[in-house]
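input21.txt, holding compact mmCIF, C-alpha atoms:
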# COMPACT_ATOMS: atom_id res chain seq x y z
CA MET A 136 66.13 -159.03 116.50
CA SER A 137 63.72 -156.72 114.74
CA ASP A 138 60.36 -157.82 113.51
CA LEU A 139 60.24 -157.74 109.68
CA GLY A 140 57.08 -159.70 109.34
CA GLY A 141 54.93 -156.56 108.71
CA ALA A 142 57.16 -154.94 105.99
CA ARG A 143 55.56 -154.25 102.56
CA PRO A 144 57.15 -155.88 99.55
CA ALA A 145 58.96 -153.51 97.19
CA VAL A 146 57.03 -152.48 94.05
CA ARG A 147 59.00 -152.05 90.83
CA THR A 148 57.97 -149.13 88.59
CA THR A 149 57.16 -150.05 85.03
CA THR A 150 57.07 -148.09 81.79
CA PRO A 151 53.48 -147.52 80.53
CA GLY A 152 52.61 -149.92 77.75
CA TRP A 153 51.30 -148.93 74.36
CA ARG A 154 47.79 -149.70 75.56
CA ASP A 155 48.04 -147.15 78.33
CA PRO A 156 45.56 -144.31 77.49
CA ARG A 157 47.91 -141.74 79.00
CA LEU A 158 50.44 -142.48 76.26
CA TRP A 159 47.92 -141.85 73.48
CA VAL A 160 46.70 -138.66 75.09
CA GLY A 161 50.29 -137.39 75.13
CA VAL A 162 50.82 -138.35 71.48
CA LEU A 163 47.58 -136.59 70.51
CA ILE A 164 48.65 -133.40 72.26
CA VAL A 165 51.97 -133.42 70.41
CA VAL A 166 50.30 -133.99 67.03
CA VAL A 167 47.76 -131.21 67.59
CA SER A 168 50.53 -128.81 68.62
CA VAL A 169 52.59 -129.60 65.51
CA VAL A 170 49.61 -129.18 63.15
CA ALA A 171 48.51 -125.92 64.78
CA GLY A 172 52.03 -124.53 64.62
CA ALA A 173 52.36 -125.45 60.94
CA ARG A 174 49.08 -123.77 60.11
CA LEU A 175 50.02 -120.65 62.05
CA PHE A 176 53.36 -120.45 60.26
CA ALA A 177 51.69 -120.92 56.87
CA SER A 178 49.07 -118.23 57.54
CA ALA A 179 51.74 -115.79 58.71
CA ASP A 180 53.57 -116.25 55.40
CA ASP A 181 50.42 -116.01 53.26
CA SER A 182 50.78 -112.28 52.56
CA VAL A 183 51.76 -110.72 49.24
CA ALA A 184 54.04 -107.72 48.71
CA VAL A 185 52.35 -105.00 46.66
CA TRP A 186 52.96 -101.31 45.97
CA ALA A 187 51.14 -98.54 47.84
CA ALA A 188 51.33 -94.79 47.31
CA ASP A 189 53.76 -93.13 49.71
CA THR A 190 52.08 -89.73 49.23
CA ASP A 191 49.06 -88.37 47.38
CA LEU A 192 49.55 -88.94 43.64
CA VAL A 193 47.48 -87.07 41.08
CA ALA A 194 46.19 -88.14 37.70
CA GLY A 195 48.59 -87.45 34.85
CA SER A 196 51.73 -87.55 36.96
CA ALA A 197 54.57 -89.94 36.32
CA VAL A 198 54.99 -92.64 38.93
CA SER A 199 58.09 -94.59 39.92
CA ALA A 200 59.29 -96.71 42.82
CA ASP A 201 60.41 -93.51 44.57
CA ASP A 202 56.75 -92.49 44.93
CA LEU A 203 55.71 -95.85 46.39
CA ARG A 204 56.32 -98.13 49.35
CA VAL A 205 56.02 -101.88 49.76
CA VAL A 206 53.23 -103.26 51.94
CA HIS A 207 52.31 -106.86 52.69
CA VAL A 208 48.65 -107.72 52.26
CA ARG A 209 46.70 -110.94 52.71
CA PHE A 210 43.89 -111.26 50.16
CA ARG A 211 40.92 -113.43 51.03
CA ASP A 212 40.20 -113.96 47.35
CA GLY A 213 43.20 -114.69 45.15
CA ASP A 214 41.47 -113.03 42.21
CA ASP A 215 41.64 -109.67 44.03
CA LEU A 216 45.41 -109.71 43.69
CA GLU A 217 45.12 -109.21 39.94
CA GLY A 218 43.78 -105.71 40.54
CA TYR A 219 47.01 -104.43 42.14
CA VAL A 220 50.65 -104.01 41.17
CA LEU A 221 53.03 -106.50 42.77
CA ALA A 222 56.14 -105.11 44.43
CA ALA A 223 58.18 -107.45 42.23
CA GLU A 224 56.90 -105.50 39.22
CA ALA A 225 58.35 -102.00 39.30
CA PRO A 226 56.34 -99.43 37.27
CA ASP A 227 57.76 -98.64 33.84
CA GLY A 228 59.71 -95.43 33.47
CA ASP A 229 57.00 -93.90 31.26
CA ALA A 230 54.09 -94.97 33.48
CA LEU A 231 51.51 -92.27 34.14
CA LEU A 232 48.57 -92.31 36.51
CA THR A 233 45.19 -92.26 34.84
CA ARG A 234 43.45 -91.37 38.13
CA ASP A 235 44.28 -90.04 41.57
CA VAL A 236 45.80 -92.43 44.13
CA GLY A 237 45.71 -91.35 47.77
CA ALA A 238 48.55 -91.76 50.24
CA GLY A 239 48.57 -95.29 51.64
CA GLU A 240 46.24 -96.61 48.93
CA LEU A 241 47.28 -99.81 47.17
CA LEU A 242 48.36 -99.06 43.62
CA PRO A 243 45.67 -100.41 41.27
CA SER A 244 46.96 -101.93 38.06
CA GLY A 245 44.14 -100.12 36.25
CA ALA A 246 45.49 -96.74 37.38
CA LEU A 247 48.71 -97.13 35.40
CA GLY A 248 48.89 -96.08 31.78
CA SER A 249 51.19 -94.49 29.25
CA GLY A 250 51.19 -91.00 27.87
CA ASP A 251 48.74 -92.15 25.20
CA ASP A 252 46.29 -93.37 27.84
CA ALA A 253 46.30 -90.35 30.13
CA ASP A 254 43.47 -87.90 29.48
CA VAL A 255 45.30 -84.92 30.96
CA VAL A 256 47.92 -82.51 29.67
CA HIS A 257 50.52 -80.82 31.86
CA VAL A 258 50.68 -77.04 31.68
CA PRO A 259 53.44 -74.98 33.34
CA VAL A 260 52.09 -71.94 35.16
CA PRO A 261 54.65 -69.38 36.36
CA VAL A 262 53.20 -67.20 39.10
CA GLU A 263 54.52 -64.64 41.55
CA GLY A 264 54.81 -66.01 45.06
CA VAL A 265 52.43 -63.40 46.46
CA ARG A 266 49.75 -64.50 43.97
CA VAL A 267 49.60 -68.15 45.00
CA PRO A 268 48.60 -69.36 48.48
CA PRO A 269 51.49 -70.99 50.37
CA SER A 270 49.25 -73.99 51.04
CA VAL A 271 49.27 -74.96 47.35
CA ARG A 272 51.02 -78.27 46.85
CA ALA A 273 50.85 -81.33 44.61
CA GLY A 274 47.28 -82.56 44.70
CA SER A 275 45.68 -79.17 45.39
CA VAL A 276 42.63 -78.25 43.31
CA VAL A 277 42.97 -74.68 42.06
CA ASP A 278 41.60 -72.09 39.67
CA VAL A 279 44.02 -70.16 37.44
CA TRP A 280 43.19 -66.52 36.70
CA ALA A 281 44.80 -63.76 34.65
CA SER A 282 44.29 -60.04 34.60
CA GLY A 283 45.66 -57.31 32.37
CA ASP A 284 44.91 -55.33 29.23
CA ALA A 285 46.24 -57.81 26.65
CA LEU A 286 43.74 -60.61 27.29
CA THR A 287 41.36 -60.17 24.36
CA SER A 288 42.77 -63.15 22.42
CA ALA A 289 42.22 -65.43 25.37
CA GLN A 290 38.65 -64.37 26.14
CA ASP A 291 36.90 -66.68 23.65
CA GLY A 292 38.94 -69.78 24.43
CA ALA A 293 39.03 -69.41 28.19
CA GLY A 294 35.39 -68.56 28.78
CA ASP A 295 33.61 -65.55 30.17
CA GLY A 296 35.56 -65.44 33.40
CA SER A 297 32.54 -66.06 35.59
CA GLY A 298 33.44 -69.61 36.58
CA SER A 299 31.33 -71.97 38.67
CA PRO A 300 29.72 -71.04 42.00
CA GLY A 301 32.81 -72.32 43.79
CA SER A 302 35.15 -69.87 42.06
CA GLU A 303 35.66 -66.24 43.04
CA ALA A 304 37.61 -63.73 40.98
CA PRO A 305 40.68 -62.47 42.87
CA SER A 306 40.24 -59.00 41.36
CA PRO A 307 37.68 -57.13 39.21
CA GLY A 308 38.00 -58.02 35.54
CA ALA A 309 40.14 -61.13 36.17
CA LEU A 310 39.69 -63.84 33.54
CA LEU A 311 39.27 -67.47 34.61
CA LEU A 312 41.67 -69.50 32.48
CA LEU A 313 41.53 -72.99 34.02
CA GLU A 314 38.91 -74.14 36.48
CA GLU A 315 39.13 -76.87 39.12
CA VAL A 316 42.43 -78.25 37.89
CA GLN A 317 44.91 -80.25 39.94
CA VAL A 318 48.47 -79.29 40.74
CA VAL A 319 50.98 -81.97 39.74
CA GLU A 320 54.14 -80.19 40.89
CA ALA A 321 54.47 -77.25 43.26
CA PRO A 322 58.12 -76.67 44.22
CA SER A 323 58.77 -73.78 46.57
CA GLY A 324 60.35 -70.61 45.24
CA ASP A 325 63.59 -71.44 47.06
CA ALA A 326 63.87 -74.70 45.08
CA GLN A 327 63.76 -72.97 41.70
CA LEU A 328 66.11 -70.83 39.67
CA GLY A 329 65.50 -67.10 39.44
CA SER A 330 63.65 -64.98 41.96
CA THR A 331 62.77 -66.81 45.15
CA SER A 332 59.42 -64.98 45.13
CA ASP A 333 58.32 -66.80 41.94
CA ARG A 334 56.91 -70.32 41.67
CA GLN A 335 56.30 -72.45 38.62
CA LEU A 336 53.41 -74.80 39.12
CA VAL A 337 52.61 -77.69 36.82
CA ILE A 338 48.88 -78.12 36.30
CA ALA A 339 47.10 -81.24 35.02
CA VAL A 340 44.39 -80.07 32.62
CA PRO A 341 41.66 -82.66 31.92
CA ASP A 342 40.42 -83.48 28.46
CA GLU A 343 37.29 -81.34 28.69
CA GLN A 344 39.37 -78.18 29.24
CA GLN A 345 42.18 -78.82 26.79
CA ASP A 346 40.69 -76.50 24.16
CA ALA A 347 41.41 -73.68 26.58
CA VAL A 348 45.11 -74.53 26.99
CA GLY A 349 46.31 -72.44 24.02
CA PRO A 350 44.40 -69.29 24.96
CA ALA A 351 45.36 -69.82 28.60
CA LEU A 352 49.07 -69.97 27.74
CA ALA A 353 48.72 -66.75 25.73
CA ALA A 354 47.02 -65.05 28.66
CA ILE A 355 49.65 -66.35 31.09
CA ALA A 356 52.39 -64.92 28.89
CA THR A 357 50.83 -61.45 28.69
CA GLY A 358 48.83 -61.06 31.88
CA VAL A 359 49.25 -61.18 35.63
CA VAL A 360 48.54 -64.70 36.87
CA THR A 361 46.82 -65.48 40.14
CA VAL A 362 46.09 -68.92 41.56
CA THR A 363 43.25 -69.52 44.00
CA VAL A 364 42.65 -72.67 46.01
CA ARG A 365 39.36 -74.50 46.04
CA ALA A 366 38.01 -74.84 49.57
Show how you would write the structure in this file as structure tokens.
Amino acid sequence: MSDLGGARPAVRTTTPGWRDPRLWVGVLIVVVSVVAGARLFASADDSVAVWAADTDLVAGSAVSADDLRVVHVRFRDGDDLEGYVLAAEAPDGDALLTRDVGAGELLPSGALGSGDDADVVHVPVPVEGVRVPPSVRAGSVVDVWASGDALTSAQDGAGDGSGSPGSEAPSPGALLLLEEVQVVEAPSGDAQLGSTSDRQLVIAVPDEQQDAVGPALAAIATGVVTVTVRA
């Protein structure tokens, strides 16, 4: 017969009571995890959808949703949001830019205006393809020149032709019509009707040069137009 006198008595496992500190530590960990997760979820959803320029947009040009893209931004100060156009608010069909907006820049609400607010006028400038650099595109800053014999009527309105130090006449006797103006539209010759060697630019003329628009149009109609790009 075996000796059982030295055997240990069986110990029954018990569920920790509510006073067991290990239970409260576990509850605390769960609570902290839930709160942290809720805050993380809330912060991830705290961004606002606003419009940003998809490409460089110049003052005086019309702007629509096709020119923009939606970006999500988180503003530290809620008041800053008032300075930008929400993606839920599409620009009006007659909205014009009152200042330049660079590609990727958030669209400021103060940069949108109507035709009455814009201080620029759009002037079409037909020019032979060989007389405009191929690098000219929307947003380029250019000078518009004309040469020819029938430019007397434009001389007084367009100035003396000397221009600023940054301008250089493309040929002797060329008259500077519009100085440091921005190109709003610059389709390639292939995209336009008529000769593929011709281009019709649309120039945004600021308020301080608008007195020269009439004489410039007369010179454009009778002279040979050349466009030079500002470096």
Dig up all the protein and nucleic acid residues within 12 Å of (51.4, -63.7, 31.3) in the file frame, using all atoms listed in the file, and format them as a PyMOL selection string.
chain A and resi 259-263+279-286+289+310+312+350-361
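Among the candidates A:Val208, A:Val256, A:Ala230, A:Leu163, the residue lying nearest to Val337 (chain A) is A:Val256 (atoms considered: all atoms listed in the file).
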For Arg365 (chain A), which residue out of A:Val340, A:Leu232, A:Val316, A:Ala309 is the nearest one, using all atoms listed in the file?
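Smallest separation from Arg365 (chain A) among the options: A:Val316.
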Need to verify the contact set: region 270-277 of chain A, 6 Å, only C-alpha atoms, exclusion of same-chain residues closer than 2 positions in sequence. Can you return it as number ranges by chain?
A: 193, 268, 315-321, 363-365
Calculate how many Å separate CA of Leu216 (chain A) from CA of Asp202 (chain A), rounding to one decimal.
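Result for CA of Leu216 (chain A) versus CA of Asp202 (chain A): 20.7 Å, one decimal.
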Using all atoms listed in the file, which of the listed residues (A:Ser182, A:Ser196, A:Thr190, A:Ser306) sits closest to Ala339 (chain A)?
A:Ser196
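Remark: for Ala304 (chain A), the closest of the candidate residues A:Ala200, A:Asp278, A:Leu241, A:His257 is A:Asp278 (distances computed over only C-alpha atoms).
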